[in-house]
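Colleague: Take a look at this one; I'll ask things after.
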Amino acid sequence: MADDEDVEDAAEEPHEPRIRVTKGKPWRIDAGRRAKWSAEDFVREHAVEIRQVGDPVLHTSAKHPKLSKAELEALVARMFASMVAARGIGIAAPQIGVGLRIAIMDVDEAGIVAIDPVVDEVSEETEQTSEGCLSVRGFYGMLERPLGARVSAVDINAKRFAIAGDELGAQCMLHETGHLNGELYVDRLKSREDLHPVEPDDTEEVGA
Ligand code: ZN
């Protein structure tokens with residue numbers, strides 16, 4: 001069954017990016033940086049252990065970052081390398097032990113770096129969906145998420161921008177802003193029964 005799904009996914013038509021910029025110009029991890037920061041040597045050198053549920057840094061509201069551009073870039077590179085090593089589609093600074101309001105949202109390789117992101121709007125329409133988190137290794141949960149979301153944030157030059165997400169894009173944006181408020185998706189589950197172990201051969205589950 002997993003094999004059939006893989007074939008279907010591979011045959012899927014390319015879709016519109018599920019995270020779109022609606023205002024301003026965010027700092028994005030472009031193709032050049034992505035190549036450099038995904039390289040094996042770079043990842044080995046810069047990826048750090050992802051903090052796991054129960055670690056206080058994940059359950060505390062993160063703070064506004066006051067970093068120089070060079071410090072910000074170095075932190076984002078470490079976040080990105082750690083995300084690549086863990087095969088994630090997004091990551092928030094607290095997940096690498098840094099309690100600052102910075103997240104990368106990388107659904108469809110959006111590569112958006114959001115500083116101080118705020119959820120401006122979510123759609124009334126929701127969907128029941130599966131969700132994984134690099135900080136809750138080995139599990140996924142079933143929960144209800146809005147189908148659409150709008151987030152605004154600032155870039156590395158403190159300029160404001162806004163993004164809109166659909167489906168997995170919206171889910172990632174809400175998941176990452178949740179991290180910065182000290183919230184994990186497992187806190188939103190209606191029941192412990194909605195949490196399931198990931199099967200060893202399950203390659204479909206993605207975390208953020
Ligand atoms: Zn997460």
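Each chain of the structure tokens is named A, B, ... in the order shown, its residues numbered from 1; ligands are numbered from 1 in display order.
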Just want the 10 Å neighbourhood of region 38-40 of chain A, counted on only C-alpha atoms, with same-chain residues fewer than 3 positions away dropped. Output as a PyMOL selection string.

Modeller: chain A and resi 32-35+43-45+77+80-85

Colleague: Just write the chosen residues, N, CA and C atoms, as a compact mmCIF listing (two decimals), in the first residue's frame.

Modeller:
```
# COMPACT_ATOMS: atom_id res chain seq x y z
N GLY A 32 20.98 28.99 -4.23
CA GLY A 32 22.41 28.93 -3.91
C GLY A 32 22.65 28.55 -2.46
N ARG A 33 21.96 29.24 -1.55
CA ARG A 33 22.11 28.94 -0.12
C ARG A 33 21.61 27.53 0.19
N ARG A 34 20.48 27.18 -0.45
CA ARG A 34 19.92 25.84 -0.21
C ARG A 34 20.94 24.76 -0.57
N ALA A 35 21.59 24.94 -1.72
CA ALA A 35 22.59 23.96 -2.16
C ALA A 35 23.74 23.89 -1.15
N VAL A 43 26.10 20.10 6.47
CA VAL A 43 25.11 19.56 7.41
C VAL A 43 25.82 18.87 8.56
N ARG A 44 26.85 18.07 8.24
CA ARG A 44 27.58 17.36 9.30
C ARG A 44 28.16 18.37 10.30
N GLU A 45 28.65 19.47 9.77
CA GLU A 45 29.32 20.45 10.63
C GLU A 45 28.35 21.32 11.43
N ALA A 77 21.36 29.33 9.35
CA ALA A 77 22.10 28.25 8.68
C ALA A 77 22.10 26.99 9.54
N PHE A 80 18.64 25.50 9.44
CA PHE A 80 18.37 24.85 8.15
C PHE A 80 19.08 23.51 8.07
N ALA A 81 20.37 23.49 8.45
CA ALA A 81 21.14 22.24 8.40
C ALA A 81 20.51 21.18 9.31
N SER A 82 20.03 21.61 10.46
CA SER A 82 19.40 20.66 11.40
C SER A 82 18.09 20.13 10.81
N MET A 83 17.36 21.01 10.12
CA MET A 83 16.11 20.60 9.48
C MET A 83 16.39 19.59 8.35
N VAL A 84 17.43 19.86 7.57
CA VAL A 84 17.80 18.95 6.48
C VAL A 84 18.20 17.59 7.05
N ALA A 85 19.01 17.60 8.10
CA ALA A 85 19.47 16.34 8.71
C ALA A 85 18.29 15.52 9.21
```

Colleague: Could you list, as a ChimeraX atom specification, all the residues within 8 Å of ligand 1, counting only C-alpha atoms and all ligand atoms?

Modeller: /A:90-92,95,132-136,175-176,179,184-185,207-208

Colleague: Export C-alpha atoms of the chosen residues as an mmCIF file, in the first residue's frame?

Modeller:
```
data_model
loop_
_atom_site.group_PDB
_atom_site.id
_atom_site.type_symbol
_atom_site.label_atom_id
_atom_site.label_comp_id
_atom_site.auth_asym_id
_atom_site.auth_seq_id
_atom_site.Cartn_x
_atom_site.Cartn_y
_atom_site.Cartn_z
ATOM 1 C CA GLY A 90 10.092 23.587 8.696
ATOM 2 C CA ILE A 91 11.884 24.354 11.931
ATOM 3 C CA ALA A 92 11.738 26.876 14.747
ATOM 4 C CA GLN A 95 13.915 23.207 18.406
ATOM 5 C CA GLY A 132 4.426 15.318 12.700
ATOM 6 C CA CYS A 133 7.090 17.245 14.568
ATOM 7 C CA LEU A 134 10.861 16.846 14.622
ATOM 8 C CA SER A 135 10.580 17.380 18.387
ATOM 9 C CA VAL A 136 8.130 14.484 18.837
ATOM 10 C CA HIS A 175 2.926 24.676 13.471
ATOM 11 C CA GLU A 176 6.023 26.911 13.467
ATOM 12 C CA HIS A 179 6.574 26.480 18.485
ATOM 13 C CA LEU A 184 3.541 21.645 20.291
ATOM 14 C CA TYR A 185 0.900 19.977 18.126
ATOM 15 C CA GLY A 207 7.790 16.705 10.456
ATOM 16 C CA ALA A 208 8.409 20.378 11.118
#
```

Colleague: Could you give me, as a VMD selection string, the residues within 10 Å of Pro65 (chain A), counting only C-alpha atoms and dropping anything in the same chain fewer than 2 positions from it?

Modeller: chain A and resid 62 to 63 67 to 68 72 98 to 102 115 to 116

Colleague: Atoms to include: C-alpha atoms. Write the selected residues as a PDB file, in the first residue's frame.

Modeller:
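Below is the file selection08.pdb, written as the result:
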```pdb
ATOM      1  CA  ALA A  62      10.338  32.432  22.691  1.00  0.00           C
ATOM      2  CA  LYS A  63      11.724  35.977  22.806  1.00  0.00           C
ATOM      3  CA  LEU A  67      20.983  39.703  16.890  1.00  0.00           C
ATOM      4  CA  SER A  68      23.289  41.218  14.289  1.00  0.00           C
ATOM      5  CA  LEU A  72      21.035  35.811  12.467  1.00  0.00           C
ATOM      6  CA  VAL A  98      17.514  28.766  20.989  1.00  0.00           C
ATOM      7  CA  GLY A  99      14.525  30.503  22.598  1.00  0.00           C
ATOM      8  CA  LEU A 100      14.116  33.199  19.922  1.00  0.00           C
ATOM      9  CA  ARG A 101      11.174  33.966  17.631  1.00  0.00           C
ATOM     10  CA  ILE A 102      12.643  32.754  14.336  1.00  0.00           C
ATOM     11  CA  ILE A 115      11.231  36.635  12.428  1.00  0.00           C
ATOM     12  CA  ASP A 116       8.553  37.478  15.009  1.00  0.00           C
TER      13      ASP A 116
END
```

Colleague: Output as a short mmCIF file (atom, residue, chain, number, x, y, z; two decimals) with C-alpha atoms, in the first residue's frame all residues of region 4-181 of chain A that backbone DSSP marks as strand (DSSP E or B).

Modeller:
```
data_model
loop_
_atom_site.label_atom_id
_atom_site.label_comp_id
_atom_site.auth_asym_id
_atom_site.auth_seq_id
_atom_site.Cartn_x
_atom_site.Cartn_y
_atom_site.Cartn_z
CA ILE A 19 3.02 29.14 0.72
CA ARG A 20 2.75 32.43 -1.19
CA VAL A 21 4.11 35.88 -0.48
CA THR A 22 1.26 38.40 -0.31
CA LYS A 23 3.11 41.52 0.85
CA TRP A 27 14.23 36.79 3.31
CA ARG A 28 14.20 33.48 1.46
CA LYS A 63 11.72 35.98 22.81
CA GLY A 88 11.84 18.33 8.03
CA GLY A 90 10.09 23.59 8.70
CA ILE A 91 11.88 24.35 11.93
CA ALA A 92 11.74 26.88 14.75
CA LEU A 100 14.12 33.20 19.92
CA ILE A 102 12.64 32.75 14.34
CA ALA A 103 11.22 30.05 12.09
CA ILE A 104 11.88 28.56 8.69
CA MET A 105 8.80 27.55 6.68
CA ILE A 112 10.92 31.55 4.09
CA VAL A 113 12.70 32.86 7.17
CA ALA A 114 10.17 34.52 9.47
CA ILE A 115 11.23 36.64 12.43
CA ASP A 116 8.55 37.48 15.01
CA PRO A 117 5.82 35.82 12.92
CA VAL A 118 2.23 36.54 13.90
CA VAL A 119 -0.87 34.68 12.71
CA ASP A 120 -3.15 37.35 11.21
CA GLU A 121 -5.96 35.14 10.01
CA VAL A 122 -7.03 31.53 9.71
CA THR A 126 -10.77 23.17 8.63
CA GLU A 127 -9.56 19.72 7.75
CA GLN A 128 -8.69 16.64 9.73
CA THR A 129 -5.05 15.99 8.98
CA SER A 130 -1.95 14.18 10.16
CA GLU A 131 0.89 16.16 11.66
CA GLY A 132 4.43 15.32 12.70
CA PHE A 139 4.99 9.78 16.30
CA TYR A 140 2.36 11.56 14.29
CA GLY A 141 -0.98 12.93 15.40
CA MET A 142 -4.42 13.43 13.87
CA LEU A 143 -5.88 16.85 14.45
CA GLU A 144 -8.01 19.56 12.95
CA ARG A 145 -6.27 22.48 11.27
CA PRO A 146 -7.56 25.48 9.29
CA GLY A 148 -5.79 28.46 5.07
CA ALA A 149 -3.70 30.86 7.13
CA ARG A 150 -2.11 34.29 6.84
CA VAL A 151 1.03 35.21 8.75
CA SER A 152 3.04 38.41 8.87
CA ALA A 153 6.62 38.66 10.05
CA VAL A 154 9.80 40.66 9.55
CA ARG A 160 7.55 43.51 7.24
CA PHE A 161 6.17 40.94 4.87
CA ALA A 162 3.11 38.70 4.76
CA ILE A 163 2.52 35.19 3.50
CA ALA A 164 -0.55 33.06 2.88
CA GLY A 165 -0.64 29.30 3.05
CA ASP A 166 -3.01 26.56 1.92
#
```

Colleague: I need the residues in chain A that are alpha helix (DSSP H) according to DSSP; give them as an MDAnalysis selection string.

Modeller: chainID A and resid 2:11 31:38 40:46 69:85 168:180

Colleague: I'd like the interatomic distance between CA of Glu16 (chain A) and CA of Thr177 (chain A), to a tenth of an Å.

Modeller: 22.7 Å
